[in-house]
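Inspection log for the structure reproduced underneath, given as structure tokens.
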Protein chains: 2
Amino acid sequence: MEQLQSIERLSLNQITTDKWNLQEAVNGCVEAEIPWIALWRHKIDEVGLAEAKRIVKSSGLQVSSLCRGGMFPGSDERDLQKRIDDNKRAIEEAAELGTDTLVLVCGPSIDKDISRARQMVADGIEKLVPFAEQYGVKLAIEPLHPMYAAERSVIVTLNQANTIAEQYRPDQVGVVVDVFHVWWDPDLYNQIARASGRILGYHVSDWIVPTPDLLMGRGMMGDGVIELRKIRAAVEKAGYNGPIEVEIFNHDIWNQPGDEVLEQIKTRYIEHV
Amino acid sequence: MEQLQSIERLSLNQITTDKWNLQEAVNGCVEAEIPWIALWRHKIDEVGLAEAKRIVKSSGLQVSSLCRGGMFPGSDERDLQKRIDDNKRAIEEAAELGTDTLVLVCGPSIDKDISRARQMVADGIEKLVPFAEQYGVKLAIEPLHPMYAAERSVIVTLNQANTIAEQYRPDQVGVVVDVFHVWWDPDLYNQIARASGRILGYHVSDWIVPTPDLLMGRGMMGDGVIELRKIRAAVEKAGYNGPIEVEIFNHDIWNQPGDEVLEQIKTRYIEHV
């Protein structure tokens, strides 16, 4: 495994510095010499797409991904279509912002029928692929931790994500490996190998013990129990050598000054990722 | 699927009425005409094994299981042996208390190496089987939700539990299906079918939305999103017709008067389980 003595692949997923708006996050990365940033749509919306594009382009930063499309399951045909339309806007935004990767958080069940919701996810992706292709945008299915199955994503394993992605070419649909979501999976290394050639993102944080909260309990790399180097080695063996996003939901980290968080990220990234 | 118009298979897992001591829980079940109870070792310890045995036997209640053995991963040989010895005591206690089922919560990693911890679990069970057999006690591997991988159990899927259990005869080692822990699993119904003949327990509660807490966030049956009837049908199709334990970790429920909780359990059990 290549040892990361540089931060050339480091990307700030902007949710990690949630109190910063887009301009502040971009400035923070430039200042810290972090070359990549991952954008969230609600942060783009705050300034509008045109201004967001200007801010990003003029900074010289590269955009590793846009988060997020997905949320496919709907209550009826009209609702399902509304969700597809929103995903189309997300694809357009990704292309405008200069990234070829739209992260899909696939959505929860709208009732108790989780297998039906899973089918709705597959159907939604099927509908999006030709549209995304026109824009040169890849759909990156991110399996979420099973504890989010009821509220965020019925896609909870890399196995599921791979099974959907394999219906398409690797330049159409792939997967995101986020260590927080998949570290517990007994089949993790098989599934990473299976995803060879279609890993579209690698996200890092840590699983801290005790775990303070379902949503806001992620830790800084090195503060938890995840075998970060081992997983990264597997992801690289599977052919991924793109940006590595640091994505941390944690109020303690959000409450720290952003520039201090970025300095810590750089240190921990060299030491642990 | 048999519709449960009776509560003859209903078992109170005594953690559901955590504020009750053993005598109170036993009295509560007798009063409510709940025929089964599942016991926890720390509640037994409060009164001592002999007195616990007397309380249970004189009540006429049947004991569905003893919780818990397991916690196999240890830091060195001595620590590992200490854990085996504790499991042997748990087996003796199960036999004394009149149940043939010891639930195994297999334990977390003692360091970051989760695959090594998983091997320690398999090794620990291997060491226990002959001892358990002497006492007529079956080892019931309960996969826990992946969100507990770092603190309670590196066994997080029925697939893992089945793979270990299949090394033994069904009267030696089996699995527990707890809906809270496994409902999210895309492979759930395959794995329940695979467990045919070696399901040693079926535990119910619900997954409530929003989920308030990792440990204390379980809900009463009917208050959440789990397809209880569908899972029960699969478990019965796999040959399980034993007691159904209600096991709920939730401070709101713990703070209610126990007899009211038992009445609600009976109602919800008929309606939803």
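Chains: A, B, ... in order of the structure tokens. Residues: from 1 per chain. Ligands: from 1, in order shown.
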Using only C-alpha atoms, which residues sit within 9 Å of Thr17 (chain A) once same-chain residues fewer than 2 positions away are excluded, as a PyMOL selection string?
-> chain A and resi 12-15+19-21+25+248-249+253-258+261-262
Selected residues written out with N, CA and C atoms, as a PDB file, in the first residue's frame:
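Output (part_23.pdb):
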ATOM      1  N   LEU A  12     -12.076  17.387   1.581  1.00  0.00           N
ATOM      2  CA  LEU A  12     -12.956  17.757   2.691  1.00  0.00           C
ATOM      3  C   LEU A  12     -14.404  17.573   2.251  1.00  0.00           C
ATOM      4  N   ASN A  13     -15.082  16.622   2.846  1.00  0.00           N
ATOM      5  CA  ASN A  13     -16.532  16.573   2.662  1.00  0.00           C
ATOM      6  C   ASN A  13     -17.102  17.678   3.535  1.00  0.00           C
ATOM      7  N   GLN A  14     -17.800  18.606   2.900  1.00  0.00           N
ATOM      8  CA  GLN A  14     -18.091  19.852   3.594  1.00  0.00           C
ATOM      9  C   GLN A  14     -19.051  19.695   4.763  1.00  0.00           C
ATOM     10  N   ILE A  15     -19.677  18.517   4.933  1.00  0.00           N
ATOM     11  CA  ILE A  15     -20.510  18.316   6.113  1.00  0.00           C
ATOM     12  C   ILE A  15     -19.644  18.279   7.384  1.00  0.00           C
ATOM     13  N   LYS A  19     -20.729  24.194   9.985  1.00  0.00           N
ATOM     14  CA  LYS A  19     -21.064  25.590  10.281  1.00  0.00           C
ATOM     15  C   LYS A  19     -20.544  26.556   9.227  1.00  0.00           C
ATOM     16  N   TRP A  20     -19.639  26.088   8.390  1.00  0.00           N
ATOM     17  CA  TRP A  20     -19.138  26.919   7.310  1.00  0.00           C
ATOM     18  C   TRP A  20     -20.106  26.911   6.128  1.00  0.00           C
ATOM     19  N   ASN A  21     -20.304  28.052   5.523  1.00  0.00           N
ATOM     20  CA  ASN A  21     -21.018  28.058   4.244  1.00  0.00           C
ATOM     21  C   ASN A  21     -20.041  27.664   3.135  1.00  0.00           C
ATOM     22  N   ALA A  25     -15.967  27.211   3.414  1.00  0.00           N
ATOM     23  CA  ALA A  25     -15.355  25.882   3.277  1.00  0.00           C
ATOM     24  C   ALA A  25     -14.299  25.886   2.173  1.00  0.00           C
ATOM     25  N   ILE A 248     -17.479  13.652   8.466  1.00  0.00           N
ATOM     26  CA  ILE A 248     -17.733  13.424   9.893  1.00  0.00           C
ATOM     27  C   ILE A 248     -18.954  14.211  10.355  1.00  0.00           C
ATOM     28  N   PHE A 249     -19.949  13.482  10.839  1.00  0.00           N
ATOM     29  CA  PHE A 249     -21.097  14.087  11.507  1.00  0.00           C
ATOM     30  C   PHE A 249     -20.830  14.022  13.002  1.00  0.00           C
ATOM     31  N   ILE A 253     -17.098  18.219  16.794  1.00  0.00           N
ATOM     32  CA  ILE A 253     -16.203  18.661  15.722  1.00  0.00           C
ATOM     33  C   ILE A 253     -16.804  19.874  14.997  1.00  0.00           C
ATOM     34  N   TRP A 254     -18.109  19.846  14.804  1.00  0.00           N
ATOM     35  CA  TRP A 254     -18.763  20.985  14.147  1.00  0.00           C
ATOM     36  C   TRP A 254     -18.598  22.273  14.958  1.00  0.00           C
ATOM     37  N   ASN A 255     -18.485  22.115  16.284  1.00  0.00           N
ATOM     38  CA  ASN A 255     -18.381  23.301  17.136  1.00  0.00           C
ATOM     39  C   ASN A 255     -16.953  23.846  17.244  1.00  0.00           C
ATOM     40  N   GLN A 256     -15.978  23.084  16.727  1.00  0.00           N
ATOM     41  CA  GLN A 256     -14.612  23.604  16.730  1.00  0.00           C
ATOM     42  C   GLN A 256     -14.429  24.585  15.571  1.00  0.00           C
ATOM     43  N   PRO A 257     -13.477  25.526  15.708  1.00  0.00           N
ATOM     44  CA  PRO A 257     -13.179  26.398  14.570  1.00  0.00           C
ATOM     45  C   PRO A 257     -12.772  25.551  13.368  1.00  0.00           C
ATOM     46  N   GLY A 258     -13.331  25.881  12.194  1.00  0.00           N
ATOM     47  CA  GLY A 258     -13.106  25.067  11.012  1.00  0.00           C
ATOM     48  C   GLY A 258     -11.640  24.895  10.644  1.00  0.00           C
ATOM     49  N   VAL A 261     -10.105  22.257  12.687  1.00  0.00           N
ATOM     50  CA  VAL A 261     -10.554  20.931  12.247  1.00  0.00           C
ATOM     51  C   VAL A 261      -9.751  20.483  11.029  1.00  0.00           C
ATOM     52  N   LEU A 262      -9.542  21.398  10.087  1.00  0.00           N
ATOM     53  CA  LEU A 262      -8.791  21.029   8.879  1.00  0.00           C
ATOM     54  C   LEU A 262      -7.350  20.654   9.205  1.00  0.00           C
TER      55      LEU A 262
END
At a cut-off of 9 Å, list the chain A residues touching chain B, using only C-alpha atoms, as a VMD selection string.
-> chain A and resid 109 111 to 115 145 to 147 149 to 151 154 to 157 160 184 to 186 207 to 214 224 to 227
Find the residues around Leu128 (chain B) up to 8 Å (only C-alpha atoms counted), leave out those fewer than 5 positions away in its own chain, and share them as a ChimeraX atom specification.
-> /B:84,87-88
Save the residues we just selected, N, CA and C atoms, as a short mmCIF file (atom, residue, chain, number, x, y, z; two decimals), in the first residue's frame?
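Below is the file result07.cif, written as the result:
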data_model
loop_
_atom_site.label_atom_id
_atom_site.label_comp_id
_atom_site.auth_asym_id
_atom_site.auth_seq_id
_atom_site.Cartn_x
_atom_site.Cartn_y
_atom_site.Cartn_z
N ILE B 84 -14.14 -18.33 29.43
CA ILE B 84 -14.68 -19.69 29.27
C ILE B 84 -15.25 -20.18 30.62
N ASN B 87 -18.53 -18.71 31.26
CA ASN B 87 -19.55 -19.37 30.44
C ASN B 87 -19.96 -20.72 31.02
N LYS B 88 -19.00 -21.42 31.59
CA LYS B 88 -19.33 -22.71 32.21
C LYS B 88 -20.28 -22.51 33.38
#
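Going from CA of Ala140 (chain B) to CA of Gly174 (chain B) covers 4.8 Å.
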Neighbour list for Gly222 (chain B) as a ChimeraX atom specification, cut-off 7 Å, only C-alpha atoms, skip fewer than 6 positions in-chain | /B:206,268,272
Take the residues that were just selected and, keeping C-alpha atoms, output them as an mmCIF file, in the first residue's frame.
data_model
loop_
_atom_site.group_PDB
_atom_site.id
_atom_site.type_symbol
_atom_site.label_atom_id
_atom_site.label_comp_id
_atom_site.auth_asym_id
_atom_site.auth_seq_id
_atom_site.Cartn_x
_atom_site.Cartn_y
_atom_site.Cartn_z
ATOM 1 C CA ASP B 206 -39.790 -2.990 17.340
ATOM 2 C CA ARG B 268 -49.568 -5.958 21.327
ATOM 3 C CA HIS B 272 -48.832 -7.577 16.026
#
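The gap separating CA of Arg194 (chain B) from CA of Leu158 (chain B) is 9.3 Å, in Å to one decimal.
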List every residue of region 27-152 of chain A that DSSP, applied to the backbone of this structure, places in strand (DSSP E), and write the result as a PyMOL selection string.
-> chain A and resi 36-40+62-70+101-105+138-141
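CA of Val30 (chain B) lies 25.8 Å from CA of Val177 (chain B).
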Residues within 10 Å of His42 (chain A), only C-alpha atoms, excluding chain neighbours under 4 positions, as number ranges by chain = A: 21-22, 46-48, 67-68
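By only C-alpha atoms, and with residues fewer than 4 positions from Ser205 (chain A) along its chain excluded, the set lying at most 8 Å from it is Val179, Phe180, Arg218, Gly219, Met220, Met221, Val246, Glu247 and Ile248 of chain A.
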Just-selected residues, N, CA and C atoms written as a PDB file, in the first residue's frame:
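Below is the file that was written, out_15.pdb:
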ATOM      1  N   VAL A 179     -16.108   3.966   5.373  1.00  0.00           N
ATOM      2  CA  VAL A 179     -15.699   3.036   6.443  1.00  0.00           C
ATOM      3  C   VAL A 179     -16.695   2.997   7.595  1.00  0.00           C
ATOM      4  N   PHE A 180     -17.283   4.119   7.922  1.00  0.00           N
ATOM      5  CA  PHE A 180     -18.236   4.176   9.039  1.00  0.00           C
ATOM      6  C   PHE A 180     -19.437   3.266   8.781  1.00  0.00           C
ATOM      7  N   ARG A 218     -20.011  10.070  14.760  1.00  0.00           N
ATOM      8  CA  ARG A 218     -18.782   9.706  14.066  1.00  0.00           C
ATOM      9  C   ARG A 218     -17.570  10.390  14.683  1.00  0.00           C
ATOM     10  N   GLY A 219     -16.432   9.740  14.593  1.00  0.00           N
ATOM     11  CA  GLY A 219     -15.222  10.300  15.168  1.00  0.00           C
ATOM     12  C   GLY A 219     -14.175  10.639  14.131  1.00  0.00           C
ATOM     13  N   MET A 220     -13.185  11.393  14.577  1.00  0.00           N
ATOM     14  CA  MET A 220     -12.018  11.715  13.760  1.00  0.00           C
ATOM     15  C   MET A 220     -11.180  10.453  13.574  1.00  0.00           C
ATOM     16  N   MET A 221     -10.579  10.318  12.429  1.00  0.00           N
ATOM     17  CA  MET A 221      -9.770   9.138  12.134  1.00  0.00           C
ATOM     18  C   MET A 221      -8.690   8.962  13.214  1.00  0.00           C
ATOM     19  N   VAL A 246     -13.032  13.033   3.802  1.00  0.00           N
ATOM     20  CA  VAL A 246     -13.248  12.975   5.246  1.00  0.00           C
ATOM     21  C   VAL A 246     -14.649  13.509   5.518  1.00  0.00           C
ATOM     22  N   GLU A 247     -15.505  12.623   6.024  1.00  0.00           N
ATOM     23  CA  GLU A 247     -16.914  12.982   6.213  1.00  0.00           C
ATOM     24  C   GLU A 247     -17.326  12.633   7.644  1.00  0.00           C
ATOM     25  N   ILE A 248     -17.479  13.652   8.466  1.00  0.00           N
ATOM     26  CA  ILE A 248     -17.733  13.424   9.893  1.00  0.00           C
ATOM     27  C   ILE A 248     -18.954  14.211  10.355  1.00  0.00           C
TER      28      ILE A 248
END
Looking only at helix (DSSP H, G or I) from DSSP on the backbone, list the matching residues of region 13-229 of chain B as a ChimeraX atom specification.
-> /B:14-17,22-32,41-47,49-59,77-97,114-134,146-148,158-165,179-182,188-194,228-229
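Checking B:Gly69, B:Gly107, B:Gly197, B:Gly60 one by one against Arg41 (chain B), counting only C-alpha atoms, you find the shortest gap at B:Gly69.
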If you count only C-alpha atoms, which residues fall within 12 Å of Val235 (chain A), apart from same-chain ones fewer than 6 positions away, as a ChimeraX atom specification?
-> /A:1-2,175-179,188-204,228-229,241-244,273
